[in-house]
2 protein chains.
Amino acid sequence: MKETILVVDDDRNICELIKMYLEDEYTVEVVHDGGSVIEKIKQTNPVLVILDIMLPVKNGLEVCKEIRQQRDIPIIMLTAKGEEIDKILGLELGADDYITKPFSPREMAARVKAVMRRARPAEKKEQVLRFPGFVIDMECHQVMVNGEQVELTPKEFELLWLMAANPGKVFTREKLIEDVWGYNFYGDTRAVDSQVKRLRRKLESIPGAPVYIHTVWGIGYKFEVLG
Amino acid sequence: MKETILVVDDDRNICELIKMYLEDEYTVEVVHDGGSVIEKIKQTNPVLVILDIMLPVKNGLEVCKEIRQQRDIPIIMLTAKGEEIDKILGLELGADDYITKPFSPREMAARVKAVMRRARPAEKKEQVLRFPGFVIDMECHQVMVNGEQVELTPKEFELLWLMAANPGKVFTREKLIEDVWGYNFYGDTRAVDSQVKRLRRKLESIPGAPVYIHTVWGIGYKFEVLG
DNA sequence: GCATATTTTGACTTGTTTTAACCAAAAATA
DNA sequence: TATTTTTGGTTAAAACAAGTCAAAATATGC
């Protein structure tokens with residue numbers, strides 16, 4: 001399930017624009033006035049709120065304050081140029097960031113990303129997986145089989161990483177697509193077969209390399225280094 | 001043990017805000033007037049001071065000068081918009097950075113991070129990187145390839161330094177922008193390509209120079225001197 | 001304030017990867 | 001053994017990422 005971002009702006013064009021840029025990664029909910037924000041937050045439980053200051057029914061500053069009283073959701077304020085941003089930041093309100101209209105969608109996306117990164121403290125994952133005669137290095141994006149380097153494309157690498165991180169566990173094609181390709185992939189599950197095939201060819205082209213990726217007939221694939 | 005950051009501002013809301021954003025990583029001490037700063041520094045031994053200019057009892061500029069006379073602690077000044085920032089930085093005062101109020105907490109956190117990164121490794125980290133037939137000298141801001149000097153622009157140099165300091169590690173364009181360009185660059189990631197291209201051209205124009213900067217398709221770039 | 005150097009951007013080209021469709025082979029089922 | 005189902009291999013086209021160049025924007029030094 002994707003996380004939700006709530007956008008509050010009375011200008012529907014702006015809402016659409018923001019939505020377009022974020023909906024690859026998030027579910028984007030939209031509200032057009034300040035009166036129904038709190039209600040919507042309860043319903044959709046967003047991880048971030050993008051909030052215009054000039055709003056019908058209830059001012060964005062008030063809304064911001066209200067949200068802050070109830071929950072600890074990161075808030076990015078939208079302000080027109082020249083609006084008094086003094087009050088927005090720091091002080092009583094404590095929005096996490098602000099964007100001045102008009103803004104470039106790219107900047108908006110970058111700021112969202114930055115705020116989210118701060119909000120979700122970095123979980124440091126293991127960067128290297130090791131098996132006998134087999135090393136997968138996330139940092140260097142590199143795979144070594146019996147001391148020989150194997151060049152992998154991004155998809156191949158991700159696929160291998162996911163399976164190797166859970167050795168022995170069987171992944172269905174659907175699961176692999178969900179985890180490697182992402183939510184918004186509507187292609188054939190046969191795409192997985194293709195990737196697996198090329199991954200196998202590359203890995204097993206090294207002399208003496210064992211079979212790493214096993215077909216579990218009727219289910220999917222699994223990674224296992226057999227003695 | 002966490003390191004300590006000292007915040008000096010008479011506005012308690014701002015102090016609270018800064019504290020919120022930094023206390024994950026640091027112990028945050030707070031002082032509300034300019035008179036007791038020196039005393040507090042002796043007590044808590046902070047690694048960084050965030051200092052408002054407008055302070056009761058004693059002016060922030062004076063305090064800054066005093067701190068500088070005694071210790072080599074990085075200082076970030078807080079200024080209201082329109083205050084004369086010329087004097088703050090460089091010469092007489094020598095603050096390391098400044099933030100204009102009102103500021104977004106995000107920007108503040110990023111600047112703290114940047115100042116800390118710059119300040120800390122100064123003592124221990126190596127100022128010169130050496131590879132076979134290849135020397136990068138941070139102090140002289142100079143690069144030698146096979147004995148020949150290569151002139152690099154600031155961005156080119158920083159880019160090269162970052163990657164060469166972590167040979168083999170792959171950097172995404174986003175990561176490079178974050179580390180080399182800084183937090184307030186929201187341009188195209190294509191800018192990285194441009195820099196890399198010119199960097200490559202300069203480095204590889206030397207006869208016999210190997211390829212240093214490698215493209216990792218779909219991910220980014222890495223520095224590696226291959227045998 | 002002007003001239004110069006540097007950086008960024010956009011359009012275009014080139015090259016690689018990914019996808020989707022097809023068919024053959026293998027495994028399970030009847 | 002014949003049939004159905006599932007998997008694997010191949011390939012061309014589409015999608016995408018990276019390289020290149022030059023002009024515009026920006027910063028820098030005089």
# chains A, B, ... in the order shown; residues from 1 in each chain; ligands from 1
>>> closest_atom_pairs(of="chain D", to="chain A", cutoff="12 Å", atoms="only C-alpha atoms (C1' of nucleotides)", output="tab-separated table")
residue	atom	partner	partner_atom	distance
D:DT5	C1'	A:Gly218	CA	9.4
D:DT6	C1'	A:Gly218	CA	6.8
D:DT7	C1'	A:Asp193	CA	8.1
D:DG8	C1'	A:Lys197	CA	7.5
D:DG9	C1'	A:Lys197	CA	8.4
D:DT10	C1'	A:Ser194	CA	10.4
D:DA17	C1'	A:Pro154	CA	11.5
>>> write_last_selection(atoms="all heavy atoms", output="tab-separated table (two decimals), in the first residue's frame")
chain	number	residue	atom	x	y	z
D	5	DT	P	-5.48	-26.08	-19.63
D	5	DT	OP1	-6.61	-25.88	-18.72
D	5	DT	OP2	-5.41	-25.38	-20.93
D	5	DT	O5'	-4.14	-25.78	-18.83
D	5	DT	C5'	-3.82	-26.58	-17.69
D	5	DT	C4'	-2.37	-26.37	-17.33
D	5	DT	O4'	-1.51	-26.92	-18.33
D	5	DT	C3'	-1.98	-24.88	-17.20
D	5	DT	O3'	-1.55	-24.65	-15.88
D	5	DT	C2'	-0.86	-24.70	-18.22
D	5	DT	C1'	-0.36	-26.12	-18.43
D	5	DT	N1	0.27	-26.40	-19.76
D	5	DT	C2	1.54	-26.91	-19.79
D	5	DT	O2	2.18	-27.15	-18.80
D	5	DT	N3	2.02	-27.16	-21.06
D	5	DT	C4	1.36	-26.94	-22.25
D	5	DT	O4	1.90	-27.21	-23.32
D	5	DT	C5	0.04	-26.41	-22.14
D	5	DT	C7	-0.75	-26.12	-23.37
D	5	DT	C6	-0.46	-26.15	-20.91
D	6	DT	P	-1.26	-23.17	-15.35
D	6	DT	OP1	-1.65	-23.12	-13.94
D	6	DT	OP2	-1.79	-22.22	-16.35
D	6	DT	O5'	0.33	-23.12	-15.42
D	6	DT	C5'	1.09	-24.14	-14.76
D	6	DT	C4'	2.51	-24.10	-15.26
D	6	DT	O4'	2.56	-24.47	-16.66
D	6	DT	C3'	3.16	-22.71	-15.19
D	6	DT	O3'	4.24	-22.78	-14.28
D	6	DT	C2'	3.61	-22.40	-16.61
D	6	DT	C1'	3.64	-23.80	-17.24
D	6	DT	N1	3.44	-23.82	-18.72
D	6	DT	C2	4.43	-24.37	-19.51
D	6	DT	O2	5.46	-24.83	-19.07
D	6	DT	N3	4.14	-24.36	-20.85
D	6	DT	C4	3.01	-23.87	-21.47
D	6	DT	O4	2.88	-23.92	-22.68
D	6	DT	C5	2.03	-23.31	-20.58
D	6	DT	C7	0.76	-22.76	-21.14
D	6	DT	C6	2.27	-23.31	-19.26
D	7	DT	P	5.10	-21.48	-13.97
D	7	DT	OP1	5.58	-21.62	-12.59
D	7	DT	OP2	4.36	-20.29	-14.42
D	7	DT	O5'	6.35	-21.68	-14.95
D	7	DT	C5'	7.17	-22.84	-14.78
D	7	DT	C4'	8.15	-22.93	-15.93
D	7	DT	O4'	7.43	-22.96	-17.19
D	7	DT	C3'	9.14	-21.77	-16.03
D	7	DT	O3'	10.44	-22.30	-16.00
D	7	DT	C2'	8.82	-21.11	-17.38
D	7	DT	C1'	8.18	-22.25	-18.14
D	7	DT	N1	7.25	-21.86	-19.23
D	7	DT	C2	7.55	-22.20	-20.53
D	7	DT	O2	8.56	-22.80	-20.85
D	7	DT	N3	6.61	-21.82	-21.46
D	7	DT	C4	5.43	-21.13	-21.23
D	7	DT	O4	4.68	-20.85	-22.14
D	7	DT	C5	5.18	-20.80	-19.84
D	7	DT	C7	3.94	-20.07	-19.47
D	7	DT	C6	6.09	-21.18	-18.92
D	8	DG	P	11.69	-21.31	-15.96
D	8	DG	OP1	12.74	-21.96	-15.16
D	8	DG	OP2	11.24	-19.95	-15.64
D	8	DG	O5'	12.15	-21.32	-17.49
D	8	DG	C5'	12.54	-22.56	-18.08
D	8	DG	C4'	13.02	-22.30	-19.49
D	8	DG	O4'	11.87	-21.98	-20.34
D	8	DG	C3'	13.99	-21.14	-19.64
D	8	DG	O3'	15.07	-21.57	-20.45
D	8	DG	C2'	13.19	-20.02	-20.31
D	8	DG	C1'	12.12	-20.80	-21.06
D	8	DG	N9	10.83	-20.12	-21.19
D	8	DG	C8	10.09	-19.54	-20.19
D	8	DG	N7	8.96	-19.04	-20.61
D	8	DG	C5	8.96	-19.30	-21.98
D	8	DG	C6	7.99	-18.98	-22.97
D	8	DG	O6	6.91	-18.41	-22.84
D	8	DG	N1	8.40	-19.43	-24.23
D	8	DG	C2	9.56	-20.09	-24.49
D	8	DG	N2	9.78	-20.43	-25.75
D	8	DG	N3	10.47	-20.38	-23.58
D	8	DG	C4	10.10	-19.96	-22.34
D	9	DG	P	16.25	-20.63	-20.77
D	9	DG	OP1	17.49	-21.43	-20.77
D	9	DG	OP2	16.14	-19.42	-19.92
D	9	DG	O5'	15.93	-20.22	-22.27
D	9	DG	C5'	15.90	-21.24	-23.26
D	9	DG	C4'	15.67	-20.62	-24.63
D	9	DG	O4'	14.32	-20.11	-24.70
D	9	DG	C3'	16.60	-19.44	-24.94
D	9	DG	O3'	17.14	-19.64	-26.24
D	9	DG	C2'	15.71	-18.21	-24.89
D	9	DG	C1'	14.32	-18.78	-25.21
D	9	DG	N9	13.21	-18.09	-24.56
D	9	DG	C8	13.06	-17.81	-23.23
D	9	DG	N7	11.93	-17.20	-22.95
D	9	DG	C5	11.31	-17.06	-24.19
D	9	DG	C6	10.06	-16.48	-24.53
D	9	DG	O6	9.23	-15.96	-23.78
D	9	DG	N1	9.81	-16.57	-25.89
D	9	DG	C2	10.66	-17.14	-26.81
D	9	DG	N2	10.25	-17.12	-28.08
D	9	DG	N3	11.83	-17.68	-26.50
D	9	DG	C4	12.08	-17.61	-25.19
D	10	DT	P	18.21	-18.65	-26.82
D	10	DT	OP1	19.14	-19.43	-27.65
D	10	DT	OP2	18.72	-17.80	-25.71
D	10	DT	O5'	17.32	-17.74	-27.77
D	10	DT	C5'	16.40	-18.37	-28.66
D	10	DT	C4'	15.67	-17.32	-29.48
D	10	DT	O4'	14.52	-16.85	-28.73
D	10	DT	C3'	16.50	-16.08	-29.82
D	10	DT	O3'	16.51	-15.94	-31.24
D	10	DT	C2'	15.80	-14.92	-29.13
D	10	DT	C1'	14.38	-15.45	-28.92
D	10	DT	N1	13.67	-14.93	-27.71
D	10	DT	C2	12.42	-14.36	-27.85
D	10	DT	O2	11.84	-14.25	-28.92
D	10	DT	N3	11.85	-13.93	-26.68
D	10	DT	C4	12.40	-14.00	-25.41
D	10	DT	O4	11.79	-13.58	-24.44
D	10	DT	C5	13.71	-14.59	-25.33
D	10	DT	C7	14.40	-14.72	-24.01
D	10	DT	C6	14.28	-15.03	-26.48
D	17	DA	P	14.79	6.38	-17.33
D	17	DA	OP1	14.46	5.97	-15.95
D	17	DA	OP2	14.33	7.66	-17.89
D	17	DA	O5'	16.37	6.32	-17.49
D	17	DA	C5'	17.04	5.07	-17.61
D	17	DA	C4'	18.40	5.32	-18.19
D	17	DA	O4'	18.29	5.59	-19.61
D	17	DA	C3'	19.13	6.51	-17.58
D	17	DA	O3'	20.44	6.10	-17.27
D	17	DA	C2'	19.09	7.58	-18.67
D	17	DA	C1'	19.04	6.75	-19.94
D	17	DA	N9	18.35	7.36	-21.07
D	17	DA	C8	17.12	7.95	-21.08
D	17	DA	N7	16.75	8.39	-22.26
D	17	DA	C5	17.80	8.07	-23.08
D	17	DA	C6	18.03	8.26	-24.45
D	17	DA	N6	17.15	8.85	-25.28
D	17	DA	N1	19.19	7.82	-24.97
D	17	DA	C2	20.07	7.23	-24.15
D	17	DA	N3	19.97	6.98	-22.84
D	17	DA	C4	18.79	7.43	-22.38
>>> calpha_fit_rmsd(fixed="chain A", moving="chain B")
9.7 Å
>>> closest_atom_pairs(of="chain C", to="chain A", cutoff="12 Å", atoms="only C-alpha atoms (C1' of nucleotides)", output="JSON lines")
{"residue": "C:DT16", "atom": "C1'", "partner": "A:Thr153", "partner_atom": "CA", "distance": 9.6}
{"residue": "C:DT17", "atom": "C1'", "partner": "A:Thr153", "partner_atom": "CA", "distance": 7.6}
{"residue": "C:DT18", "atom": "C1'", "partner": "A:Ala191", "partner_atom": "CA", "distance": 8.7}
{"residue": "C:DT19", "atom": "C1'", "partner": "A:Ala191", "partner_atom": "CA", "distance": 6.9}
{"residue": "C:DA20", "atom": "C1'", "partner": "A:Asp188", "partner_atom": "CA", "distance": 8.0}
{"residue": "C:DA21", "atom": "C1'", "partner": "A:Arg190", "partner_atom": "CA", "distance": 10.6}
{"residue": "C:DA26", "atom": "C1'", "partner": "A:Trp217", "partner_atom": "CA", "distance": 10.9}
{"residue": "C:DA27", "atom": "C1'", "partner": "A:Trp217", "partner_atom": "CA", "distance": 8.5}
{"residue": "C:DA28", "atom": "C1'", "partner": "A:Gly218", "partner_atom": "CA", "distance": 9.9}
>>> write_last_selection(atoms="N, CA, C and O atoms (P, O5', C5', C4', C3', O3' and C1' of nucleotides)", output="mmCIF file, in the first residue's frame")
data_model
loop_
_atom_site.group_PDB
_atom_site.id
_atom_site.type_symbol
_atom_site.label_atom_id
_atom_site.label_comp_id
_atom_site.auth_asym_id
_atom_site.auth_seq_id
_atom_site.Cartn_x
_atom_site.Cartn_y
_atom_site.Cartn_z
ATOM 1 P P DT C 16 25.851 0.420 -26.275
ATOM 2 O "O5'" DT C 16 24.675 0.249 -25.233
ATOM 3 C "C5'" DT C 16 24.704 1.027 -24.040
ATOM 4 C "C4'" DT C 16 23.449 0.744 -23.258
ATOM 5 C "C3'" DT C 16 23.172 -0.744 -23.042
ATOM 6 O "O3'" DT C 16 23.124 -0.958 -21.650
ATOM 7 C "C1'" DT C 16 21.225 0.392 -23.847
ATOM 8 P P DT C 17 22.760 -2.304 -20.969
ATOM 9 O "O5'" DT C 17 21.195 -2.134 -20.739
ATOM 10 C "C5'" DT C 17 20.739 -1.028 -19.985
ATOM 11 C "C4'" DT C 17 19.226 -1.036 -19.942
ATOM 12 C "C3'" DT C 17 18.611 -2.318 -19.396
ATOM 13 O "O3'" DT C 17 17.687 -1.941 -18.398
ATOM 14 C "C1'" DT C 17 17.614 -1.741 -21.458
ATOM 15 P P DT C 18 16.991 -2.997 -17.491
ATOM 16 O "O5'" DT C 18 15.549 -3.069 -18.167
ATOM 17 C "C5'" DT C 18 14.787 -1.880 -18.244
ATOM 18 C "C4'" DT C 18 13.564 -2.128 -19.085
ATOM 19 C "C3'" DT C 18 12.715 -3.329 -18.644
ATOM 20 O "O3'" DT C 18 11.436 -2.830 -18.315
ATOM 21 C "C1'" DT C 18 13.073 -3.334 -20.999
ATOM 22 P P DT C 19 10.342 -3.797 -17.722
ATOM 23 O "O5'" DT C 19 9.457 -4.086 -19.004
ATOM 24 C "C5'" DT C 19 9.038 -2.981 -19.796
ATOM 25 C "C4'" DT C 19 8.450 -3.461 -21.103
ATOM 26 C "C3'" DT C 19 7.405 -4.580 -20.965
ATOM 27 O "O3'" DT C 19 6.200 -4.083 -21.495
ATOM 28 C "C1'" DT C 19 8.982 -5.053 -22.689
ATOM 29 P P DA C 20 4.840 -4.824 -21.223
ATOM 30 O "O5'" DA C 20 4.614 -5.597 -22.589
ATOM 31 C "C5'" DA C 20 4.776 -4.889 -23.804
ATOM 32 C "C4'" DA C 20 4.697 -5.864 -24.959
ATOM 33 C "C3'" DA C 20 3.682 -6.988 -24.775
ATOM 34 O "O3'" DA C 20 3.046 -7.208 -26.020
ATOM 35 C "C1'" DA C 20 5.801 -7.918 -25.145
ATOM 36 P P DA C 21 1.669 -8.040 -26.092
ATOM 37 O "O5'" DA C 21 1.936 -8.961 -27.358
ATOM 38 C "C5'" DA C 21 2.690 -8.459 -28.457
ATOM 39 C "C4'" DA C 21 3.414 -9.597 -29.126
ATOM 40 C "C3'" DA C 21 2.596 -10.897 -29.184
ATOM 41 O "O3'" DA C 21 2.455 -11.312 -30.538
ATOM 42 C "C1'" DA C 21 4.789 -11.298 -28.396
ATOM 43 P P DA C 26 13.404 -30.145 -23.367
ATOM 44 O "O5'" DA C 26 12.620 -30.127 -21.996
ATOM 45 C "C5'" DA C 26 12.807 -29.027 -21.103
ATOM 46 C "C4'" DA C 26 11.678 -29.023 -20.099
ATOM 47 C "C3'" DA C 26 11.431 -30.389 -19.452
ATOM 48 O "O3'" DA C 26 11.559 -30.230 -18.052
ATOM 49 C "C1'" DA C 26 9.391 -29.403 -20.198
ATOM 50 P P DA C 27 11.456 -31.458 -17.052
ATOM 51 O "O5'" DA C 27 10.014 -31.239 -16.427
ATOM 52 C "C5'" DA C 27 9.696 -29.979 -15.848
ATOM 53 C "C4'" DA C 27 8.240 -29.965 -15.450
ATOM 54 C "C3'" DA C 27 7.802 -31.190 -14.656
ATOM 55 O "O3'" DA C 27 7.120 -30.732 -13.510
ATOM 56 C "C1'" DA C 27 6.367 -30.862 -16.518
ATOM 57 P P DA C 28 6.629 -31.705 -12.382
ATOM 58 O "O5'" DA C 28 5.089 -31.807 -12.735
ATOM 59 C "C5'" DA C 28 4.242 -30.702 -12.430
ATOM 60 C "C4'" DA C 28 2.904 -30.910 -13.075
ATOM 61 C "C3'" DA C 28 2.044 -32.005 -12.436
ATOM 62 O "O3'" DA C 28 0.819 -31.407 -12.050
ATOM 63 C "C1'" DA C 28 2.067 -32.202 -14.799
#
>>> closest_residue(among="A:Asn45, A:Gln70, A:Leu6, A:Met116", to="A:Asp96", atoms="only C-alpha atoms")
A:Met116
>>> select_by_dssp(residues="stretch 48-180 of chain A", states="alpha helix (DSSP H)", output="JSON, numbers by chain")
{"A": [60, 61, 62, 63, 64, 65, 66, 67, 68, 69, 70, 105, 106, 107, 108, 109, 110, 111, 112, 113, 114, 115, 116, 117, 118, 119, 154, 155, 156, 157, 158, 159, 160, 161, 162, 163, 164, 173, 174, 175, 176]}
>>> closest_atom_pairs(of="chain B", to="chain A", cutoff="12 Å", atoms="only C-alpha atoms", output="tab-separated table")
residue	atom	partner	partner_atom	distance
B:Asp11	CA	A:Leu91	CA	8.4
B:Arg12	CA	A:Leu91	CA	8.5
B:Asn13	CA	A:Leu91	CA	5.1
B:Ile14	CA	A:Gly90	CA	5.5
B:Cys15	CA	A:Gly90	CA	8.9
B:Glu16	CA	A:Gly90	CA	8.6
B:Leu17	CA	A:Gly90	CA	6.0
B:Ile18	CA	A:Gly90	CA	8.3
B:Lys19	CA	A:Gly90	CA	11.1
B:Met20	CA	A:Gly94	CA	10.2
B:Tyr21	CA	A:Arg118	CA	9.0
B:Leu22	CA	A:Arg118	CA	10.7
B:Asp24	CA	A:Pro121	CA	9.1
B:Glu25	CA	A:Pro121	CA	10.6
B:Ala80	CA	A:Asp86	CA	10.1
B:Lys81	CA	A:Asp86	CA	10.3
B:Thr100	CA	A:Asp86	CA	10.8
B:Lys101	CA	A:Asp86	CA	7.5
B:Pro102	CA	A:Asp86	CA	5.2
B:Phe103	CA	A:Leu89	CA	6.5
B:Ser104	CA	A:Asp97	CA	5.0
B:Pro105	CA	A:Asp96	CA	5.9
B:Arg106	CA	A:Asp97	CA	6.3
B:Glu107	CA	A:Asp97	CA	8.1
B:Met108	CA	A:Asp97	CA	10.4
B:Ala109	CA	A:Arg118	CA	9.4
B:Ala110	CA	A:Ala114	CA	10.0
B:Met163	CA	A:Cys140	CA	11.7
B:Asn166	CA	A:Cys140	CA	9.8
B:Pro167	CA	A:Cys140	CA	9.0
B:Gly168	CA	A:Cys140	CA	5.7
B:Lys169	CA	A:Cys140	CA	4.4
B:Val170	CA	A:Cys140	CA	5.1
B:Phe171	CA	A:Glu139	CA	8.5
B:Thr172	CA	A:Glu139	CA	10.5
B:Glu174	CA	A:Ala110	CA	9.7
B:Lys175	CA	A:Ala114	CA	11.9
B:Ile177	CA	A:Ala110	CA	11.4
B:Glu178	CA	A:Ala114	CA	10.2
B:Tyr183	CA	A:Ala114	CA	9.0
B:Asn184	CA	A:Glu107	CA	9.2
B:Phe185	CA	A:Glu107	CA	8.4
B:Tyr186	CA	A:Glu107	CA	5.2
B:Gly187	CA	A:Glu107	CA	7.7
B:Asp188	CA	A:Arg106	CA	8.3
B:Thr189	CA	A:Arg106	CA	10.5
B:His214	CA	A:Cys140	CA	11.5
B:Thr215	CA	A:His141	CA	11.5
B:Val216	CA	A:His141	CA	8.2
B:Trp217	CA	A:Thr153	CA	6.9
B:Gly218	CA	A:Pro154	CA	6.0
B:Ile219	CA	A:Pro154	CA	7.1
B:Gly220	CA	A:His141	CA	10.0
B:Tyr221	CA	A:Cys140	CA	9.9
B:Lys222	CA	A:Cys140	CA	8.1
B:Phe223	CA	A:Cys140	CA	10.2
B:Glu224	CA	A:Cys140	CA	10.5
>>> residues_around(residues="C:DT14", least_positions_apart="6", cutoff="10 Å", atoms="only C-alpha atoms (C1' of nucleotides)", output="MDAnalysis selection string")
chainID D and resid 18:20
>>> atom_distance(atom1="atom CA of B:Asn146", atom2="atom CA of B:Ala209")
7.1 Å
